[in-house]
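Visitor: Have a look at the structure that comes next, please.
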Amino acid sequence: MSKESLFVISLFPYLGALWFLSRIKQMPRLALFGFYGTLVFVGVTIPAAIYAQVHYGKPLADVDWLHGSAESFLTLSNILIVLGFRQGIMQRKS
């Protein structure tokens, strides 16, 4: 199985997990936005990879400015997840 096929298949369980997480009342909203932000990262990375291949003839990982820009969406998503869970823990303690 190719890595592209595996990637596409992996989106379905992730979408299912997001669906269930969005129905849990105790789920911190900020963390949930972070998990949805991961989909934004995927949505940005795919066109960026295509652009890198067509315009530069290289994989995305070899075009630093484009790769870094795409990865910034993943970093932002991770920050939202951490802050969301931190917020949830702080609310539980008080």
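Every chain in the structure tokens has a letter given in the order shown (A, B, ...), and although residue numbers restart at 1 in each chain, ligands are simply numbered from 1 in the order shown.
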Near Ile79 (chain A), counting only C-alpha atoms, which residues have an atom at most 10 Å away, once you skip same-chain residues fewer than 6 positions from it, shown as a compact mmCIF listing (two decimals) with N, CA and C atoms, in the first residue's frame?

Guide:
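What ended up in result-v9.txt:
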# COMPACT_ATOMS: atom_id res chain seq x y z
N LEU A 30 -11.18 24.72 23.25
CA LEU A 30 -9.94 25.17 22.64
C LEU A 30 -9.13 23.98 22.12
N ALA A 31 -9.10 22.90 22.88
CA ALA A 31 -8.40 21.70 22.43
C ALA A 31 -9.09 21.11 21.20
N GLY A 34 -8.06 22.91 18.28
CA GLY A 34 -6.72 22.47 17.89
C GLY A 34 -6.75 21.19 17.07
N PHE A 73 1.10 25.69 10.68
CA PHE A 73 -0.29 25.35 11.00
C PHE A 73 -0.36 24.18 11.99

Visitor: Tell me, as a VMD selection string, which residues lie within 10 Å of Tyr14 (chain A), counting only C-alpha atoms; anything in the same chain fewer than 6 positions away does not count.

Guide: chain A and resid 20 35 to 36 38 to 39

Visitor: Since we have the selection now, will you write its residues out, keeping N, CA and C atoms, as an mmCIF file, in the first residue's frame?

Guide:
data_model
loop_
_atom_site.group_PDB
_atom_site.id
_atom_site.type_symbol
_atom_site.label_atom_id
_atom_site.label_comp_id
_atom_site.auth_asym_id
_atom_site.auth_seq_id
_atom_site.Cartn_x
_atom_site.Cartn_y
_atom_site.Cartn_z
ATOM 1 N N PHE A 20 -16.828 12.177 17.517
ATOM 2 C CA PHE A 20 -17.124 11.758 18.889
ATOM 3 C C PHE A 20 -16.642 12.791 19.904
ATOM 4 N N PHE A 35 -7.611 20.243 17.481
ATOM 5 C CA PHE A 35 -7.727 19.004 16.714
ATOM 6 C C PHE A 35 -8.295 19.272 15.329
ATOM 7 N N TYR A 36 -9.251 20.187 15.239
ATOM 8 C CA TYR A 36 -9.767 20.573 13.924
ATOM 9 C C TYR A 36 -8.696 21.326 13.130
ATOM 10 N N THR A 38 -5.698 20.603 12.969
ATOM 11 C CA THR A 38 -4.861 19.609 12.309
ATOM 12 C C THR A 38 -5.384 19.330 10.902
ATOM 13 N N LEU A 39 -6.690 19.380 10.737
ATOM 14 C CA LEU A 39 -7.255 19.223 9.395
ATOM 15 C C LEU A 39 -6.885 20.410 8.511
#

Visitor: Using only C-alpha atoms, determine which residues lie at most 10 Å from Phe85 (chain A), disregarding the query and same-chain residues fewer than 4 positions distant; provide the list as a ChimeraX atom specification.

Guide: /A:27-32,80-81,89-91

Visitor: Can I get the selection written as a PDB file, in the first residue's frame, with C-alpha atoms?

Guide:
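The file below, out-v2.pdb, is the result:
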ATOM      1  CA  MET A  27     -13.967  18.243  26.020  1.00  0.00           C
ATOM      2  CA  PRO A  28     -12.240  21.628  26.210  1.00  0.00           C
ATOM      3  CA  ARG A  29     -13.388  23.679  23.212  1.00  0.00           C
ATOM      4  CA  LEU A  30      -9.936  25.171  22.642  1.00  0.00           C
ATOM      5  CA  ALA A  31      -8.399  21.698  22.430  1.00  0.00           C
ATOM      6  CA  LEU A  32     -11.141  20.637  20.031  1.00  0.00           C
ATOM      7  CA  LEU A  80      -4.254  25.116  20.885  1.00  0.00           C
ATOM      8  CA  ILE A  81      -4.528  21.483  22.006  1.00  0.00           C
ATOM      9  CA  ILE A  89      -7.390  20.891  33.953  1.00  0.00           C
ATOM     10  CA  MET A  90      -7.357  24.309  35.616  1.00  0.00           C
ATOM     11  CA  GLN A  91     -11.163  24.460  35.531  1.00  0.00           C
TER      12      GLN A  91
END

Visitor: Residues of chain A in alpha helix (DSSP H) according to DSSP, as number ranges by chain?

Guide: A: 3-21, 29-51, 64-93

Visitor: Would you pick out the contacts of region 47-50 of chain A at 12 Å or less, using only C-alpha atoms, so that residues sharing its chain but fewer than 5 positions from it are not included, and give the list as number ranges by chain?

Guide: A: 40-42, 55-71

Visitor: Next, the residues of the selection above should be written as a PDB file, in the first residue's frame with N, CA and C atoms.

Guide:
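Dumped everything to selection_29.pdb:
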ATOM      1  N   VAL A  40      -6.807  21.593   9.095  1.00  0.00           N
ATOM      2  CA  VAL A  40      -6.362  22.766   8.338  1.00  0.00           C
ATOM      3  C   VAL A  40      -4.921  22.546   7.886  1.00  0.00           C
ATOM      4  N   PHE A  41      -4.100  22.011   8.779  1.00  0.00           N
ATOM      5  CA  PHE A  41      -2.711  21.693   8.424  1.00  0.00           C
ATOM      6  C   PHE A  41      -2.668  20.749   7.230  1.00  0.00           C
ATOM      7  N   VAL A  42      -3.493  19.711   7.250  1.00  0.00           N
ATOM      8  CA  VAL A  42      -3.541  18.765   6.131  1.00  0.00           C
ATOM      9  C   VAL A  42      -4.000  19.480   4.868  1.00  0.00           C
ATOM     10  N   HIS A  55       6.369  23.567  -9.096  1.00  0.00           N
ATOM     11  CA  HIS A  55       7.143  24.798  -9.292  1.00  0.00           C
ATOM     12  C   HIS A  55       8.649  24.592  -9.135  1.00  0.00           C
ATOM     13  N   TYR A  56       9.049  23.778  -8.148  1.00  0.00           N
ATOM     14  CA  TYR A  56      10.471  23.588  -7.865  1.00  0.00           C
ATOM     15  C   TYR A  56      10.997  22.218  -8.291  1.00  0.00           C
ATOM     16  N   GLY A  57      10.101  21.286  -8.571  1.00  0.00           N
ATOM     17  CA  GLY A  57      10.534  19.936  -8.932  1.00  0.00           C
ATOM     18  C   GLY A  57      11.128  19.183  -7.758  1.00  0.00           C
ATOM     19  N   LYS A  58      10.736  19.563  -6.543  1.00  0.00           N
ATOM     20  CA  LYS A  58      11.266  18.951  -5.317  1.00  0.00           C
ATOM     21  C   LYS A  58      10.109  18.589  -4.395  1.00  0.00           C
ATOM     22  N   PRO A  59      10.351  17.641  -3.479  1.00  0.00           N
ATOM     23  CA  PRO A  59       9.325  17.365  -2.466  1.00  0.00           C
ATOM     24  C   PRO A  59       9.214  18.542  -1.491  1.00  0.00           C
ATOM     25  N   LEU A  60       8.090  18.631  -0.839  1.00  0.00           N
ATOM     26  CA  LEU A  60       7.825  19.738   0.084  1.00  0.00           C
ATOM     27  C   LEU A  60       8.919  19.889   1.134  1.00  0.00           C
ATOM     28  N   ALA A  61       9.418  18.799   1.648  1.00  0.00           N
ATOM     29  CA  ALA A  61      10.431  18.844   2.707  1.00  0.00           C
ATOM     30  C   ALA A  61      11.726  19.517   2.249  1.00  0.00           C
ATOM     31  N   ASP A  62      11.942  19.623   0.943  1.00  0.00           N
ATOM     32  CA  ASP A  62      13.169  20.238   0.420  1.00  0.00           C
ATOM     33  C   ASP A  62      13.003  21.714   0.071  1.00  0.00           C
ATOM     34  N   VAL A  63      11.813  22.258   0.219  1.00  0.00           N
ATOM     35  CA  VAL A  63      11.568  23.681  -0.037  1.00  0.00           C
ATOM     36  C   VAL A  63      11.282  24.318   1.321  1.00  0.00           C
ATOM     37  N   ASP A  64      12.340  24.816   1.930  1.00  0.00           N
ATOM     38  CA  ASP A  64      12.281  25.233   3.331  1.00  0.00           C
ATOM     39  C   ASP A  64      11.190  26.249   3.633  1.00  0.00           C
ATOM     40  N   TRP A  65      11.090  27.312   2.856  1.00  0.00           N
ATOM     41  CA  TRP A  65      10.116  28.360   3.179  1.00  0.00           C
ATOM     42  C   TRP A  65       8.687  27.842   3.086  1.00  0.00           C
ATOM     43  N   LEU A  66       8.444  26.966   2.140  1.00  0.00           N
ATOM     44  CA  LEU A  66       7.103  26.433   1.960  1.00  0.00           C
ATOM     45  C   LEU A  66       6.791  25.380   3.022  1.00  0.00           C
ATOM     46  N   HIS A  67       7.777  24.549   3.320  1.00  0.00           N
ATOM     47  CA  HIS A  67       7.605  23.514   4.341  1.00  0.00           C
ATOM     48  C   HIS A  67       7.393  24.150   5.714  1.00  0.00           C
ATOM     49  N   GLY A  68       8.199  25.143   6.025  1.00  0.00           N
ATOM     50  CA  GLY A  68       8.049  25.833   7.310  1.00  0.00           C
ATOM     51  C   GLY A  68       6.715  26.526   7.450  1.00  0.00           C
ATOM     52  N   SER A  69       6.247  27.118   6.369  1.00  0.00           N
ATOM     53  CA  SER A  69       4.942  27.782   6.398  1.00  0.00           C
ATOM     54  C   SER A  69       3.819  26.786   6.646  1.00  0.00           C
ATOM     55  N   ALA A  70       3.881  25.654   5.973  1.00  0.00           N
ATOM     56  CA  ALA A  70       2.855  24.620   6.180  1.00  0.00           C
ATOM     57  C   ALA A  70       2.926  24.064   7.598  1.00  0.00           C
ATOM     58  N   GLU A  71       4.123  23.815   8.086  1.00  0.00           N
ATOM     59  CA  GLU A  71       4.291  23.254   9.428  1.00  0.00           C
ATOM     60  C   GLU A  71       3.834  24.219  10.513  1.00  0.00           C
TER      61      GLU A  71
END
